[in-house]
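K.L.:
Sending over a structure as structure tokens; questions will come in a sec.
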Amino acid sequence: MSNTFTNKVALSMMHPLVYKKVLKMLAVLIKRTLASEMEATYEEFSKKIIQAAIPAQGFISSKAFKDLKDTKIRYTLIQMECLADWKAWYQSDERHAALTQIQPLLKEPEHISILTTA
């Protein structure tokens, strides 16, 4: 059985209000370009910022990725329930404290894209 089929079955069994909420969730894609020789240090601090996000209102999940061609380019995909939840987390003291540790490791400022289902 494919994951797509399994996911569709799981979604179809949800209460209609929960199903509607899942379909409207927000995805935030954060791109960070690391300075030279900062990959290992970034890994440590990246985990800390995700751990800080977990208790945030509306946090659903997070995944970390790295570019196949350039391991200095990192992406974090965060799913939040709504834009207001993302904005609250983005402006939070917890995020700013964690980001303060990551910023010196970056070659350039992070780039954030806010996405929703089409």
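Labeling convention for the structure tokens: chains A, B, ... as they appear, residues from 1 per chain, ligands from 1 in order of appearance.
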Near segment 50-65 of chain A, within 7 Å and counting only C-alpha atoms, which residues show up once chain neighbours fewer than 5 positions away are dropped, as an mmCIF file with C-alpha atoms, in the first residue's frame?
P.N.:
```cif
data_model
loop_
_atom_site.group_PDB
_atom_site.id
_atom_site.type_symbol
_atom_site.label_atom_id
_atom_site.label_comp_id
_atom_site.auth_asym_id
_atom_site.auth_seq_id
_atom_site.Cartn_x
_atom_site.Cartn_y
_atom_site.Cartn_z
ATOM 1 C CA ARG A 74 20.302 24.236 4.303
ATOM 2 C CA TYR A 75 16.536 24.281 4.361
ATOM 3 C CA THR A 76 14.123 23.913 7.224
ATOM 4 C CA LEU A 77 10.479 23.185 6.461
ATOM 5 C CA ILE A 78 8.206 24.059 9.360
ATOM 6 C CA GLN A 79 4.481 23.359 9.406
ATOM 7 C CA MET A 80 2.299 25.620 11.515
ATOM 8 C CA GLU A 81 -1.456 25.724 11.937
ATOM 9 C CA CYS A 82 -1.853 29.303 10.687
ATOM 10 C CA ASP A 85 1.005 31.154 14.878
ATOM 11 C CA TRP A 89 6.879 32.256 16.780
ATOM 12 C CA GLU A 94 12.763 32.065 22.129
#
```
K.L.:
When you look at Ala97 of chain A with a cut-off of 12 Å (counting only C-alpha atoms), what residues show up, excluding the ones that are within fewer than 5 positions of it in the same chain? I need them as a PyMOL selection string.
P.N.:
chain A and resi 45+48-49+52-53+89-92+102-103
K.L.:
Can I get the selection written as a PDB file, in the first residue's frame, with C-alpha atoms?
P.N.:
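Okay, this is what ended up in selection22.pdb:
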```pdb
ATOM      1  CA  PHE A  45      22.418  24.907  16.830  1.00  0.00           C
ATOM      2  CA  LYS A  48      18.308  23.710  19.407  1.00  0.00           C
ATOM      3  CA  ILE A  49      16.133  26.120  17.448  1.00  0.00           C
ATOM      4  CA  ALA A  52      12.643  25.654  21.000  1.00  0.00           C
ATOM      5  CA  ALA A  53       9.883  25.718  18.341  1.00  0.00           C
ATOM      6  CA  TRP A  89       6.879  32.256  16.780  1.00  0.00           C
ATOM      7  CA  TYR A  90       8.874  34.430  14.365  1.00  0.00           C
ATOM      8  CA  GLN A  91       8.680  37.376  16.771  1.00  0.00           C
ATOM      9  CA  SER A  92       9.177  35.328  19.954  1.00  0.00           C
ATOM     10  CA  ILE A 102      22.931  30.651  14.376  1.00  0.00           C
ATOM     11  CA  GLN A 103      23.435  34.026  12.666  1.00  0.00           C
TER      12      GLN A 103
END
```
K.L.:
Run DSSP on the backbone and tell me which residues of segment 18-114 of chain A come out as alpha helix (DSSP H); list them as number ranges by chain.
P.N.:
A: 18-23, 39-53, 83-90, 93-102
K.L.:
Please report the interatomic distance between atom CA of Ala98 of chain A and atom CA of Met38 of chain A in Å with one decimal.
P.N.:
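So the two atoms, atom CA of Ala98 of chain A and atom CA of Met38 of chain A, lie 16.2 Å apart.
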K.L.:
Output as a PyMOL selection string all residues of segment 26-118 of chain A that backbone DSSP marks as strand (DSSP E).
P.N.:
chain A and resi 26-33+59-66+73-80+111-116
K.L.:
What lies within 12 Å of Leu105 of chain A using only C-alpha atoms, ignoring chain neighbours under 3 positions off, as a JSON list (two decimals) with N, CA and C atoms, in the first residue's frame?
P.N.:
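Generated output (part.json):
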```json
[["chain", "number", "residue", "atom", "x", "y", "z"],
["A", 32, "ARG", "N", 18.98, 28.72, 4.55],
["A", 32, "ARG", "CA", 20.15, 29.31, 5.19],
["A", 32, "ARG", "C", 21.40, 28.87, 4.44],
["A", 33, "THR", "N", 22.27, 29.81, 4.14],
["A", 33, "THR", "CA", 23.54, 29.52, 3.49],
["A", 33, "THR", "C", 24.64, 29.68, 4.52],
["A", 34, "LEU", "N", 25.34, 28.60, 4.78],
["A", 34, "LEU", "CA", 26.35, 28.58, 5.83],
["A", 34, "LEU", "C", 27.68, 29.14, 5.36],
["A", 35, "ALA", "N", 28.39, 29.76, 6.29],
["A", 35, "ALA", "CA", 29.76, 30.19, 6.03],
["A", 35, "ALA", "C", 30.65, 28.94, 5.97],
["A", 36, "SER", "N", 31.84, 29.11, 5.42],
["A", 36, "SER", "CA", 32.77, 27.98, 5.28],
["A", 36, "SER", "C", 33.07, 27.33, 6.62],
["A", 37, "GLU", "N", 33.15, 26.00, 6.59],
["A", 37, "GLU", "CA", 33.53, 25.18, 7.74],
["A", 37, "GLU", "C", 32.55, 25.28, 8.92],
["A", 38, "MET", "N", 31.30, 25.64, 8.68],
["A", 38, "MET", "CA", 30.34, 25.81, 9.76],
["A", 38, "MET", "C", 29.26, 24.72, 9.79],
["A", 39, "GLU", "N", 29.37, 23.71, 8.94],
["A", 39, "GLU", "CA", 28.33, 22.68, 8.85],
["A", 39, "GLU", "C", 28.09, 21.96, 10.18],
["A", 40, "ALA", "N", 29.14, 21.48, 10.80],
["A", 40, "ALA", "CA", 28.97, 20.71, 12.05],
["A", 40, "ALA", "C", 28.42, 21.59, 13.17],
["A", 41, "THR", "N", 28.91, 22.79, 13.27],
["A", 41, "THR", "CA", 28.42, 23.71, 14.30],
["A", 41, "THR", "C", 26.96, 24.06, 14.05],
["A", 42, "TYR", "N", 26.60, 24.26, 12.80],
["A", 42, "TYR", "CA", 25.22, 24.58, 12.45],
["A", 42, "TYR", "C", 24.28, 23.45, 12.86],
["A", 43, "GLU", "N", 24.68, 22.22, 12.63],
["A", 43, "GLU", "CA", 23.83, 21.07, 12.99],
["A", 43, "GLU", "C", 23.41, 21.13, 14.45],
["A", 44, "GLU", "N", 24.37, 21.42, 15.31],
["A", 44, "GLU", "CA", 24.10, 21.50, 16.75],
["A", 44, "GLU", "C", 23.09, 22.60, 17.07],
["A", 45, "PHE", "N", 23.30, 23.79, 16.53],
["A", 45, "PHE", "CA", 22.42, 24.91, 16.83],
["A", 45, "PHE", "C", 21.07, 24.79, 16.13],
["A", 46, "SER", "N", 21.05, 24.16, 14.97],
["A", 46, "SER", "CA", 19.80, 23.95, 14.24],
["A", 46, "SER", "C", 18.84, 23.09, 15.07],
["A", 72, "LYS", "N", 26.46, 23.52, 2.00],
["A", 72, "LYS", "CA", 26.39, 24.75, 2.78],
["A", 72, "LYS", "C", 25.00, 25.39, 2.71],
["A", 73, "ILE", "N", 24.16, 24.91, 1.81],
["A", 73, "ILE", "CA", 22.79, 25.42, 1.70],
["A", 73, "ILE", "C", 21.87, 24.48, 2.46],
["A", 74, "ARG", "N", 21.19, 25.02, 3.45],
["A", 74, "ARG", "CA", 20.30, 24.24, 4.30],
["A", 74, "ARG", "C", 18.89, 24.80, 4.24],
["A", 99, "LEU", "N", 18.16, 32.11, 17.26],
["A", 99, "LEU", "CA", 18.69, 32.64, 16.00],
["A", 99, "LEU", "C", 19.98, 33.43, 16.23],
["A", 100, "THR", "N", 20.10, 34.06, 17.38],
["A", 100, "THR", "CA", 21.32, 34.80, 17.71],
["A", 100, "THR", "C", 22.53, 33.88, 17.68],
["A", 101, "GLN", "N", 22.34, 32.62, 18.05],
["A", 101, "GLN", "CA", 23.44, 31.65, 18.03],
["A", 101, "GLN", "C", 23.75, 31.17, 16.62],
["A", 102, "ILE", "N", 22.75, 31.16, 15.74],
["A", 102, "ILE", "CA", 22.93, 30.65, 14.38],
["A", 102, "ILE", "C", 23.48, 31.72, 13.43],
["A", 108, "GLU", "N", 24.98, 34.64, 4.73],
["A", 108, "GLU", "CA", 24.04, 35.70, 4.38],
["A", 108, "GLU", "C", 22.79, 35.52, 5.24],
["A", 109, "PRO", "N", 21.93, 36.54, 5.30],
["A", 109, "PRO", "CA", 20.70, 36.40, 6.10],
["A", 109, "PRO", "C", 19.82, 35.27, 5.58],
["A", 110, "GLU", "N", 19.06, 34.65, 6.48],
["A", 110, "GLU", "CA", 18.16, 33.58, 6.07],
["A", 110, "GLU", "C", 17.07, 34.13, 5.16]]
```
